[in-house]
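Quick look at query25.txt (compact mmCIF, C-alpha atoms):
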```txt
# COMPACT_ATOMS: atom_id res chain seq x y z
CA MET A 1 -6.43 18.88 -18.81
CA SER A 2 -8.16 22.24 -19.19
CA SER A 3 -11.41 22.54 -17.24
CA GLN A 4 -13.12 24.31 -20.12
CA ILE A 5 -12.98 24.54 -23.89
CA TYR A 6 -14.52 27.09 -26.23
CA GLY A 7 -15.49 27.38 -29.87
CA ILE A 8 -18.07 25.32 -31.74
CA ARG A 9 -15.66 22.95 -33.53
CA ALA A 10 -13.51 22.43 -30.44
CA VAL A 11 -16.55 21.51 -28.36
CA MET A 12 -17.83 19.09 -31.03
CA GLU A 13 -14.42 17.43 -31.23
CA ALA A 14 -14.35 17.03 -27.44
CA ILE A 15 -17.80 15.42 -27.45
CA ASN A 16 -16.90 13.06 -30.29
CA ALA A 17 -13.67 12.13 -28.49
CA GLY A 18 -15.66 11.05 -25.44
CA GLN A 19 -14.47 13.79 -23.11
CA PRO A 20 -16.50 13.92 -19.86
CA ILE A 21 -18.54 17.09 -20.45
CA ASN A 22 -20.13 18.71 -17.41
CA LYS A 23 -22.02 21.58 -19.04
CA ILE A 24 -22.29 23.26 -22.42
CA PHE A 25 -23.16 26.97 -22.43
CA VAL A 26 -24.55 28.40 -25.67
CA GLN A 27 -25.23 32.04 -26.48
CA LYS A 28 -28.94 32.78 -26.77
CA GLY A 29 -30.05 33.26 -30.37
CA LEU A 30 -27.02 31.52 -31.87
CA LYS A 31 -27.72 30.34 -35.45
CA GLY A 32 -25.94 28.88 -38.45
CA GLU A 33 -25.13 25.50 -39.98
CA LEU A 34 -22.19 24.86 -37.68
CA TYR A 35 -24.39 25.47 -34.65
CA LYS A 36 -27.00 23.05 -36.02
CA GLU A 37 -24.25 20.46 -36.33
CA LEU A 38 -23.32 21.07 -32.70
CA GLU A 39 -26.96 20.63 -31.64
CA SER A 40 -27.13 17.33 -33.50
CA THR A 41 -23.89 16.12 -31.88
CA VAL A 42 -25.16 17.10 -28.43
CA ARG A 43 -28.45 15.21 -28.92
CA LYS A 44 -26.73 12.07 -30.23
CA ASN A 45 -24.55 11.95 -27.13
CA GLY A 46 -27.34 12.54 -24.62
CA LEU A 47 -26.01 15.89 -23.47
CA SER A 48 -27.89 19.13 -22.88
CA LEU A 49 -27.31 22.80 -23.65
CA SER A 50 -27.75 25.77 -21.34
CA TYR A 51 -28.71 28.94 -23.23
CA VAL A 52 -27.14 32.03 -21.64
CA PRO A 53 -26.50 35.70 -22.47
CA VAL A 54 -23.21 36.48 -24.19
CA GLU A 55 -22.08 38.28 -21.01
CA LYS A 56 -22.04 34.93 -19.19
CA LEU A 57 -19.73 33.46 -21.85
CA ASN A 58 -17.49 36.51 -21.73
CA ARG A 59 -17.11 35.99 -17.98
CA LEU A 60 -16.16 32.35 -18.54
CA THR A 61 -13.43 33.15 -21.05
CA ARG A 62 -11.86 36.17 -22.73
CA ASN A 63 -11.02 34.11 -25.80
CA ASN A 64 -13.03 33.93 -29.04
CA HIS A 65 -15.69 31.49 -27.85
CA GLN A 66 -17.96 31.75 -30.94
CA GLY A 67 -20.95 31.60 -28.62
CA VAL A 68 -20.09 28.21 -27.09
CA VAL A 69 -18.19 27.23 -23.93
CA ALA A 70 -18.06 23.71 -22.47
CA GLN A 71 -16.87 22.69 -19.02
CA ILE A 72 -15.01 19.38 -18.80
CA SER A 73 -15.06 17.17 -15.74
CA PRO A 74 -11.67 16.42 -14.16
CA VAL A 75 -12.74 12.76 -13.81
CA GLN A 76 -14.08 10.18 -16.23
CA PHE A 77 -17.61 8.94 -15.58
CA HIS A 78 -18.51 5.25 -15.68
CA GLN A 79 -21.36 3.73 -17.65
CA PHE A 80 -24.16 3.03 -15.16
CA GLU A 81 -25.12 -0.56 -16.03
CA GLU A 82 -21.50 -1.60 -16.46
CA LEU A 83 -20.57 -0.18 -13.05
CA VAL A 84 -23.43 -2.03 -11.34
CA GLU A 85 -22.55 -5.34 -12.98
CA GLN A 86 -18.85 -4.94 -12.16
CA VAL A 87 -19.61 -4.30 -8.50
CA LEU A 88 -22.11 -7.16 -8.28
CA SER A 89 -19.58 -9.56 -9.75
CA LYS A 90 -16.99 -8.69 -7.09
CA GLU A 91 -18.89 -7.81 -3.91
CA GLN A 92 -21.16 -9.93 -1.72
CA LEU A 93 -22.54 -6.84 0.02
CA PRO A 94 -22.42 -4.02 -2.52
CA LEU A 95 -23.02 -0.49 -1.32
CA PHE A 96 -24.13 2.21 -3.74
CA LEU A 97 -24.83 5.87 -3.06
CA MET A 98 -27.39 7.75 -5.17
CA LEU A 99 -27.79 11.53 -5.19
CA ASP A 100 -31.12 13.06 -6.18
CA GLY A 101 -30.41 16.67 -7.12
CA VAL A 102 -27.44 17.56 -4.89
CA SER A 103 -26.38 20.79 -6.56
CA ASP A 104 -23.59 22.33 -4.47
CA VAL A 105 -20.15 21.29 -5.72
CA ARG A 106 -18.60 21.44 -2.23
CA ASN A 107 -21.36 19.33 -0.72
CA PHE A 108 -20.78 16.90 -3.57
CA GLY A 109 -17.05 16.84 -2.85
CA ALA A 110 -17.61 16.24 0.88
CA ILE A 111 -20.04 13.41 0.06
CA ILE A 112 -17.53 11.79 -2.29
CA ARG A 113 -14.85 11.97 0.41
CA THR A 114 -17.11 10.30 2.98
CA ALA A 115 -18.24 7.71 0.44
CA GLU A 116 -14.63 6.74 -0.26
CA CYS A 117 -13.80 6.50 3.45
CA SER A 118 -16.86 4.37 4.22
CA GLY A 119 -16.33 1.86 1.42
CA VAL A 120 -19.00 2.89 -1.09
CA HIS A 121 -18.54 0.88 -4.29
CA GLY A 122 -20.13 3.40 -6.63
CA ILE A 123 -21.89 6.77 -6.70
CA ILE A 124 -24.83 7.26 -9.06
CA ILE A 125 -26.07 10.70 -10.12
CA PRO A 126 -28.61 11.80 -12.74
CA LYS A 127 -27.33 13.09 -16.06
CA ASN A 128 -29.21 16.35 -15.59
CA GLY A 129 -29.77 18.40 -12.45
CA ALA A 130 -26.72 17.23 -10.49
CA ALA A 131 -23.72 19.20 -9.31
CA PRO A 132 -20.85 18.99 -11.80
CA ILE A 133 -17.47 17.64 -10.80
CA THR A 134 -15.28 20.73 -10.84
CA ASP A 135 -11.84 21.49 -9.49
CA ASP A 136 -13.58 22.63 -6.28
CA THR A 137 -15.37 19.28 -6.03
CA VAL A 138 -12.10 17.39 -6.40
CA LYS A 139 -10.40 19.64 -3.84
CA THR A 140 -13.21 19.25 -1.29
CA SER A 141 -13.16 15.50 -1.82
CA ALA A 142 -9.44 15.49 -0.92
CA GLY A 143 -8.82 13.58 -4.15
CA ALA A 144 -11.40 10.89 -3.39
CA ALA A 145 -13.17 11.77 -6.65
CA PHE A 146 -10.41 9.85 -8.41
CA ASN A 147 -10.92 6.76 -6.25
CA VAL A 148 -14.70 6.20 -6.16
CA PRO A 149 -16.41 5.20 -9.42
CA ILE A 150 -19.10 7.73 -10.37
CA ALA A 151 -21.79 6.95 -12.95
CA LYS A 152 -24.40 9.14 -14.58
CA ALA A 153 -27.83 7.61 -15.15
CA ASP A 154 -30.19 8.97 -17.81
CA HIS A 155 -33.05 8.93 -15.29
CA LEU A 156 -32.65 8.25 -11.57
CA LYS A 157 -35.95 6.36 -11.31
CA ASP A 158 -34.91 3.97 -14.07
CA ALA A 159 -31.62 3.47 -12.23
CA ILE A 160 -33.53 2.61 -9.04
CA PHE A 161 -35.64 0.04 -10.90
CA TYR A 162 -32.45 -1.45 -12.38
CA LEU A 163 -30.84 -1.75 -8.95
CA GLN A 164 -33.96 -3.28 -7.45
CA SER A 165 -34.17 -5.85 -10.25
CA SER A 166 -30.53 -6.69 -9.47
CA GLY A 167 -31.40 -7.55 -5.87
CA ILE A 168 -30.31 -4.27 -4.30
CA VAL A 169 -32.48 -2.69 -1.59
CA VAL A 170 -32.87 1.08 -1.97
CA THR A 171 -33.25 3.20 1.17
CA GLY A 172 -33.97 6.92 1.06
CA ALA A 173 -32.82 9.42 3.66
CA THR A 174 -35.75 11.71 4.42
CA GLU A 175 -37.10 13.53 7.45
CA LYS A 176 -40.58 12.57 6.20
CA ALA A 177 -39.96 8.94 7.14
CA ASP A 178 -41.72 7.25 10.06
CA ASP A 179 -38.80 4.96 10.88
CA GLU A 180 -35.34 5.90 12.09
CA ILE A 181 -32.19 4.71 10.34
CA TYR A 182 -31.26 2.36 13.19
CA GLY A 183 -34.14 0.02 12.37
CA VAL A 184 -33.01 -0.56 8.78
CA ASP A 185 -31.07 -3.76 7.98
CA PHE A 186 -28.01 -2.84 5.93
CA ASN A 187 -26.52 -6.33 5.98
CA ARG A 188 -27.74 -6.93 2.45
CA PRO A 189 -27.00 -5.38 -0.96
CA THR A 190 -27.82 -1.72 -0.42
CA ALA A 191 -28.22 1.60 -2.18
CA ILE A 192 -28.73 4.75 -0.13
CA ILE A 193 -30.27 7.77 -1.80
CA MET A 194 -29.76 11.32 -0.56
CA GLY A 195 -31.89 14.25 -1.71
CA SER A 196 -31.12 17.81 -2.74
CA GLU A 197 -30.13 20.54 -0.31
CA GLU A 198 -33.44 22.40 -0.64
CA LYS A 199 -36.12 19.84 -1.49
CA GLY A 200 -34.76 16.48 -0.39
CA ILE A 201 -35.69 13.37 -2.36
CA SER A 202 -38.38 14.03 -4.97
CA PRO A 203 -41.86 12.64 -4.08
CA SER A 204 -41.99 10.49 -7.22
CA THR A 205 -38.69 8.88 -6.21
CA LEU A 206 -39.85 8.31 -2.63
CA ASN A 207 -42.82 6.37 -4.02
CA ILE A 208 -40.67 3.70 -5.66
CA ILE A 209 -37.86 3.05 -3.17
CA ASP A 210 -37.93 0.14 -0.72
CA HIS A 211 -37.48 2.00 2.57
CA GLN A 212 -37.54 5.51 3.95
CA ALA A 213 -35.48 6.36 7.02
CA LYS A 214 -34.73 9.45 9.06
CA LEU A 215 -32.16 10.60 11.58
CA PRO A 216 -33.26 11.59 15.09
CA LEU A 217 -32.95 15.37 15.50
CA MET A 218 -32.73 16.65 19.07
CA GLY A 219 -32.47 20.38 18.42
CA LYS A 220 -34.64 23.06 16.87
CA ILE A 221 -33.19 22.78 13.35
CA GLY A 222 -35.32 20.57 11.12
CA SER A 223 -32.58 18.93 9.08
CA LEU A 224 -28.86 18.34 8.70
CA ASN A 225 -26.61 19.45 5.87
CA VAL A 226 -26.86 16.75 3.20
CA SER A 227 -23.16 15.87 3.34
CA VAL A 228 -23.33 15.45 7.13
CA ALA A 229 -26.51 13.37 6.96
CA CYS A 230 -24.92 11.24 4.25
CA GLY A 231 -21.98 10.54 6.53
CA VAL A 232 -24.24 9.39 9.35
CA PHE A 233 -26.14 7.05 7.03
CA LEU A 234 -23.02 5.55 5.49
CA TYR A 235 -21.36 4.95 8.82
CA GLU A 236 -24.46 3.23 10.14
CA VAL A 237 -23.95 0.80 7.26
CA VAL A 238 -20.31 0.40 8.34
CA ARG A 239 -21.33 -0.14 11.98
CA GLN A 240 -23.86 -2.84 11.11
CA ARG A 241 -21.59 -4.66 8.70
CA ARG A 242 -18.68 -4.70 11.12
CA GLY A 243 -20.85 -5.63 14.10
```
Rewrite the structure from the file as structure tokens, please.
Amino acid sequence: MSSQIYGIRAVMEAINAGQPINKIFVQKGLKGELYKELESTVRKNGLSLSYVPVEKLNRLTRNNHQGVVAQISPVQFHQFEELVEQVLSKEQLPLFLMLDGVSDVRNFGAIIRTAECSGVHGIIIPKNGAAPITDDTVKTSAGAAFNVPIAKADHLKDAIFYLQSSGIVVTGATEKADDEIYGVDFNRPTAIIMGSEEKGISPSTLNIIDHQAKLPLMGKIGSLNVSVACGVFLYEVVRQRRG
């Protein structure tokens, strides 16, 4: 499958066919009835548009793009609530991974690879503000992106509330925490949330999760790369559950 499509009608047809759209780039100032129809289709399907100069579109494709280029994910996303219910029906100790604003596609790929190796049952990302799944993501994940279910939630905070109401304890990885990871009990239904590369977990999200935990840092650097930190957290879950 092509990783991108172009042209207003082609993009609308892809949306209506349920193709997993990562991003839709639209030329600034684009007008006309066909464009209004595209806007309506985008809104109905809960997608968003990024308005860019025509030069950006020309760099994406040399073909006649009509002011619209869409990037398609190589993998199909799962519906959030359905994924949670499927996992809960099969697993006594479900393990979910949530990503709050991870934006680098290679970090995302490395995280997916570690999640697959450590037995994560599902990855949950926000619909907006998350790294797309590109060919680079799939490559960095060593193909794990095809093995771990990934769901997009409309709003991450609503997803957290949904998990909590389903009996899942949500723990956030943050250097702002008072407690270290090794004091957290992971022998219960668990979701671990990792923050963005620059800002970590958003303060409003930290306010609603069940636990905050940090990793001990012995050197002068104040934090680990998010994919590395994620690996340490997930394998602490593995250690406890196998112990």
Using all atoms listed in the file: which of A:Ala151, A:Asp179, A:Met12, A:Ala110 has the shortest distance to Glu37 of chain A: A:Met12
Of the listed residues A:Glu82, A:Glu198, A:Glu236, A:Asp154, that which approaches Asp185 of chain A most closely, counting all atoms listed in the file: A:Glu236
Interatomic distance (Å, one decimal) between atom CA of Leu34 of chain A and atom CA of Lys127 of chain A: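 So the answer is 25.1 Å.
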Nearest to Leu93 of chain A, chosen from A:Thr114, A:Asn58, A:Asn187, A:Asn128, with all atoms listed in the file counted in the distances: A:Asn187
Gap from atom CA of Ile5 of chain A to atom CA of Ile72 of chain A - Å, one decimal: 7.5 Å
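When all atoms listed in the file are used to measure the gap to Thr190 of chain A, the shortest distance among A:Asn147, A:Ser73, A:Gln92, A:Thr205 belongs to A:Gln92.
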Residue nearest Arg62 of chain A - candidates A:Ser50, A:Tyr6, A:Glu81, A:Ile221, atoms counted: only C-alpha atoms: A:Tyr6
Residue nearest Asn107 of chain A among A:Ala191, A:Ala131, A:Leu57, A:Val232 (counting all atoms listed in the file):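 Closest to Asn107 of chain A, using all atoms listed in the file: A:Ala131.
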Residue contacts of Leu99 of chain A (6 Å, only C-alpha atoms) excluding same-chain residues fewer than 2 positions away, as JSON, numbers by chain: {"A": [125, 193, 194]}
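Around the coordinate (-29.8, 18.4, 5.2), residues that reach within 10 Å when counting all atoms listed in the file are Ala173, Thr174, Glu175, Met194, Gly195, Ser196, Glu197, Glu198, Lys199, Gly200, Ile221, Gly222, Ser223, Leu224, Asn225, Val226, Ser227, Val228, Ala229 and Cys230 of chain A.
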Spatial neighbours of Pro189 of chain A, max dist 10 Å, only C-alpha atoms, sep filter under 4 positions, as a ChimeraX atom specification: /A:88,91-96,163-164,166-170,185
Neighbour list for Leu206 of chain A as JSON, numbers by chain, cut-off 10 Å, all atoms listed in the file, skip fewer than 2 positions in-chain: {"A": [157, 171, 172, 173, 174, 176, 177, 193, 195, 200, 201, 202, 203, 204, 208, 209, 210, 211, 212]}
Segment 18-30 of chain A environment, 8 Å, all atoms listed in the file, sequence neighbours closer than 5 positions dropped, as a list in words: Tyr35, Ser48, Leu49, Ser50, Tyr51, Val52, Pro53, Val54, Leu57, Gly67, Val68, Val69, Ala70, Gln71, Ile72, Ser73, Pro74, Val75, Gln76, Phe77, Pro132 and Ile133 of chain A
Atom-to-atom span, atom CA of Ala10 of chain A and atom CA of Gln66 of chain A, Å: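 That distance, rounded to one decimal, is 10.3 Å.
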As an mmCIF file with C-alpha atoms, in the coordinates of the input, please: the residues near Arg241 of chain A (cut-off 8 Å, all atoms listed in the file, same-chain neighbours under 3 positions excluded).
```cif
data_model
loop_
_atom_site.group_PDB
_atom_site.id
_atom_site.type_symbol
_atom_site.label_atom_id
_atom_site.label_comp_id
_atom_site.auth_asym_id
_atom_site.auth_seq_id
_atom_site.Cartn_x
_atom_site.Cartn_y
_atom_site.Cartn_z
ATOM 1 C CA PHE A 186 -28.010 -2.840 5.930
ATOM 2 C CA ASN A 187 -26.520 -6.330 5.980
ATOM 3 C CA VAL A 237 -23.950 0.800 7.260
ATOM 4 C CA VAL A 238 -20.310 0.400 8.340
#
```
